[in-house]
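Participant: Questions regarding the structure given below will be posed in turn.
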Amino acid sequence: MRTVTLEVSSRKKISKRFLRAFAGEPQGAFISFESPEILFKVISGKRWELLKVMTGAGPMTIREAARRMQRDVKAVHGDVQALLQAGIVQKTEKGLIVFPFDAVHVDFMLEAA
């Protein structure tokens, strides 16, 4: 199963992971955000629903994603653009959208100030 981890992470932690990967240690798939606020802005409720529809489904058109979600195509298009910009979903050579993972893990911690 191919899993992606969406995380809130410091540049220091990301740099350490990069160095371990450069040394040949497998790291897995990560998409990092600077703060929980940015993570929640990018992965809003409707976008989370979109990821659920796309997880493990293979490439599809925006129209097909909208049909599966029972949402307006224009609204889903806007969500897809935001997820593309964040690097969470991808476009295929044929212009279809794909979320190339079978599972999503979200990792962040809320600590006392």
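Residues are named by chain letter and number: chains run A, B, ... in the order of the structure tokens, numbers start at 1 in each chain, and ligands are numbered from 1 in the order shown.
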Would you list the contacts of Asp107 (chain A) as a ChimeraX atom specification, taking every protein, DNA or RNA residue within 10 Å and counting only C-alpha atoms, but skipping same-chain residues closer than 4 positions in sequence?
Facilitator: /A:5-9,32,36
Participant: So that each row is one residue of region 10-85 of chain A with an atom at most 9 Å from region 89-105 of chain A, can you give its shortest atom pair and the distance in Å to one decimal, using only C-alpha atoms, rows by chain and rising number, as a tab-separated table?
Facilitator:
```
residue	atom	partner	partner_atom	distance
A:Leu51	CA	A:Phe99	CA	7.2
A:Lys52	CA	A:Val104	CA	8.9
A:Met54	CA	A:Phe99	CA	5.8
A:Thr55	CA	A:Asp102	CA	5.4
A:Gly56	CA	A:Asp102	CA	4.6
A:Ala57	CA	A:Phe99	CA	7.9
A:Gly58	CA	A:Val98	CA	5.8
A:Pro59	CA	A:Val98	CA	4.4
A:Met60	CA	A:Leu96	CA	5.3
A:Thr61	CA	A:Leu96	CA	5.1
A:Ile62	CA	A:Ile97	CA	6.9
A:Val80	CA	A:Val89	CA	7.5
A:Gln81	CA	A:Val89	CA	8.9
A:Leu83	CA	A:Val89	CA	5.6
A:Leu84	CA	A:Val89	CA	5.1
A:Gln85	CA	A:Val89	CA	8.4
```
Participant: Limited to N, CA and C atoms, could you put the picked residues into a file as a PDB file, in the first residue's frame?
Facilitator:
```pdb
ATOM      1  N   LEU A  51     -10.098  14.245  -1.754  1.00  0.00           N
ATOM      2  CA  LEU A  51      -9.008  13.262  -1.593  1.00  0.00           C
ATOM      3  C   LEU A  51      -9.571  11.883  -1.274  1.00  0.00           C
ATOM      4  N   LYS A  52     -10.620  11.811  -0.453  1.00  0.00           N
ATOM      5  CA  LYS A  52     -11.233  10.520  -0.136  1.00  0.00           C
ATOM      6  C   LYS A  52     -11.786   9.869  -1.402  1.00  0.00           C
ATOM      7  N   MET A  54     -10.712  10.354  -4.427  1.00  0.00           N
ATOM      8  CA  MET A  54      -9.621  10.051  -5.359  1.00  0.00           C
ATOM      9  C   MET A  54      -8.659   8.983  -4.847  1.00  0.00           C
ATOM     10  N   THR A  55      -8.624   8.737  -3.535  1.00  0.00           N
ATOM     11  CA  THR A  55      -7.678   7.785  -2.960  1.00  0.00           C
ATOM     12  C   THR A  55      -7.897   6.392  -3.532  1.00  0.00           C
ATOM     13  N   GLY A  56      -6.861   5.881  -4.204  1.00  0.00           N
ATOM     14  CA  GLY A  56      -6.914   4.546  -4.784  1.00  0.00           C
ATOM     15  C   GLY A  56      -7.771   4.420  -6.029  1.00  0.00           C
ATOM     16  N   ALA A  57      -8.352   5.529  -6.524  1.00  0.00           N
ATOM     17  CA  ALA A  57      -9.293   5.465  -7.656  1.00  0.00           C
ATOM     18  C   ALA A  57      -8.609   5.561  -9.010  1.00  0.00           C
ATOM     19  N   GLY A  58      -7.342   5.941  -9.063  1.00  0.00           N
ATOM     20  CA  GLY A  58      -6.658   6.099 -10.342  1.00  0.00           C
ATOM     21  C   GLY A  58      -7.022   7.426 -10.996  1.00  0.00           C
ATOM     22  N   PRO A  59      -6.479   7.669 -12.195  1.00  0.00           N
ATOM     23  CA  PRO A  59      -6.723   8.938 -12.888  1.00  0.00           C
ATOM     24  C   PRO A  59      -8.198   9.130 -13.235  1.00  0.00           C
ATOM     25  N   MET A  60      -8.663  10.381 -13.150  1.00  0.00           N
ATOM     26  CA  MET A  60     -10.042  10.694 -13.512  1.00  0.00           C
ATOM     27  C   MET A  60     -10.134  12.141 -13.966  1.00  0.00           C
ATOM     28  N   THR A  61     -11.228  12.468 -14.610  1.00  0.00           N
ATOM     29  CA  THR A  61     -11.476  13.853 -15.003  1.00  0.00           C
ATOM     30  C   THR A  61     -12.024  14.622 -13.801  1.00  0.00           C
ATOM     31  N   ILE A  62     -11.933  15.926 -13.877  1.00  0.00           N
ATOM     32  CA  ILE A  62     -12.527  16.761 -12.836  1.00  0.00           C
ATOM     33  C   ILE A  62     -14.034  16.558 -12.824  1.00  0.00           C
ATOM     34  N   VAL A  80      -9.306  21.313  -7.058  1.00  0.00           N
ATOM     35  CA  VAL A  80      -8.236  20.577  -7.733  1.00  0.00           C
ATOM     36  C   VAL A  80      -7.044  21.494  -7.981  1.00  0.00           C
ATOM     37  N   GLN A  81      -7.293  22.721  -8.419  1.00  0.00           N
ATOM     38  CA  GLN A  81      -6.196  23.663  -8.671  1.00  0.00           C
ATOM     39  C   GLN A  81      -5.390  23.924  -7.397  1.00  0.00           C
ATOM     40  N   LEU A  83      -5.100  21.893  -4.800  1.00  0.00           N
ATOM     41  CA  LEU A  83      -4.372  20.669  -4.463  1.00  0.00           C
ATOM     42  C   LEU A  83      -3.203  20.421  -5.420  1.00  0.00           C
ATOM     43  N   LEU A  84      -3.366  20.794  -6.687  1.00  0.00           N
ATOM     44  CA  LEU A  84      -2.255  20.707  -7.645  1.00  0.00           C
ATOM     45  C   LEU A  84      -1.128  21.648  -7.227  1.00  0.00           C
ATOM     46  N   GLN A  85      -1.486  22.862  -6.868  1.00  0.00           N
ATOM     47  CA  GLN A  85      -0.492  23.861  -6.475  1.00  0.00           C
ATOM     48  C   GLN A  85       0.281  23.416  -5.231  1.00  0.00           C
TER      49      GLN A  85
END
```
Participant: Can you tell me, as a PDB file with all heavy atoms, in the first residue's frame, what residues are no more than 9 Å from Lys74 (chain A) when counting only C-alpha atoms, ignoring any on the same chain fewer than 5 positions away?
Facilitator:
```pdb
ATOM      1  N   ILE A  62     -11.933  15.926 -13.877  1.00  0.00           N
ATOM      2  CA  ILE A  62     -12.527  16.761 -12.836  1.00  0.00           C
ATOM      3  C   ILE A  62     -14.034  16.558 -12.824  1.00  0.00           C
ATOM      4  O   ILE A  62     -14.658  16.488 -11.769  1.00  0.00           O
ATOM      5  CB  ILE A  62     -12.151  18.243 -13.038  1.00  0.00           C
ATOM      6  CG1 ILE A  62     -10.644  18.415 -12.796  1.00  0.00           C
ATOM      7  CG2 ILE A  62     -12.957  19.151 -12.127  1.00  0.00           C
ATOM      8  CD1 ILE A  62     -10.099  19.800 -13.108  1.00  0.00           C
ATOM      9  N   ARG A  63     -14.600  16.410 -14.003  1.00  0.00           N
ATOM     10  CA  ARG A  63     -16.050  16.175 -14.108  1.00  0.00           C
ATOM     11  C   ARG A  63     -16.445  14.884 -13.387  1.00  0.00           C
ATOM     12  O   ARG A  63     -17.458  14.840 -12.687  1.00  0.00           O
ATOM     13  CB  ARG A  63     -16.458  16.121 -15.585  1.00  0.00           C
ATOM     14  CG  ARG A  63     -17.948  15.986 -15.803  1.00  0.00           C
ATOM     15  CD  ARG A  63     -18.338  16.117 -17.269  1.00  0.00           C
ATOM     16  NE  ARG A  63     -17.955  17.386 -17.862  1.00  0.00           N
ATOM     17  CZ  ARG A  63     -18.593  18.543 -17.689  1.00  0.00           C
ATOM     18  NH1 ARG A  63     -19.649  18.583 -16.934  1.00  0.00           N
ATOM     19  NH2 ARG A  63     -18.178  19.636 -18.280  1.00  0.00           N
ATOM     20  N   ALA A  66     -16.291  15.466  -9.653  1.00  0.00           N
ATOM     21  CA  ALA A  66     -17.461  16.259  -9.244  1.00  0.00           C
ATOM     22  C   ALA A  66     -18.712  15.377  -9.202  1.00  0.00           C
ATOM     23  O   ALA A  66     -19.531  15.492  -8.283  1.00  0.00           O
ATOM     24  CB  ALA A  66     -17.660  17.429 -10.201  1.00  0.00           C
ATOM     25  N   ASP A  79     -10.934  23.462  -6.279  1.00  0.00           N
ATOM     26  CA  ASP A  79     -10.274  22.635  -5.267  1.00  0.00           C
ATOM     27  C   ASP A  79      -9.118  21.844  -5.868  1.00  0.00           C
ATOM     28  O   ASP A  79      -8.053  21.726  -5.259  1.00  0.00           O
ATOM     29  CB  ASP A  79     -11.287  21.671  -4.623  1.00  0.00           C
ATOM     30  CG  ASP A  79     -12.269  22.394  -3.719  1.00  0.00           C
ATOM     31  OD1 ASP A  79     -11.964  23.520  -3.267  1.00  0.00           O
ATOM     32  OD2 ASP A  79     -13.345  21.817  -3.455  1.00  0.00           O
TER      33      ASP A  79
END
```
Participant: Quick one, how far is CA of Ala112 (chain A) from CA of Lys41 (chain A)?
Facilitator: 21.8 Å
Participant: Check the smallest atom-to-atom distance from each of A:Glu37, A:Gly45, A:Ile88, A:Arg11 to Leu110 (chain A) using only C-alpha atoms, then report the winner.
Facilitator: A:Glu37
Participant: Rounded to one decimal, what separation in Å do you get between CA of Glu111 (chain A) and CA of Glu25 (chain A)?
Facilitator: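 Computing it gives 29.3 Å between the two atoms.
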Participant: If you run DSSP over the backbone, which residues in region 15-75 of chain A end up alpha helix (DSSP H)? Put them as a VMD selection string.
Facilitator: chain A and resid 15 to 22 36 to 42 45 to 54 62 to 69 73 to 75
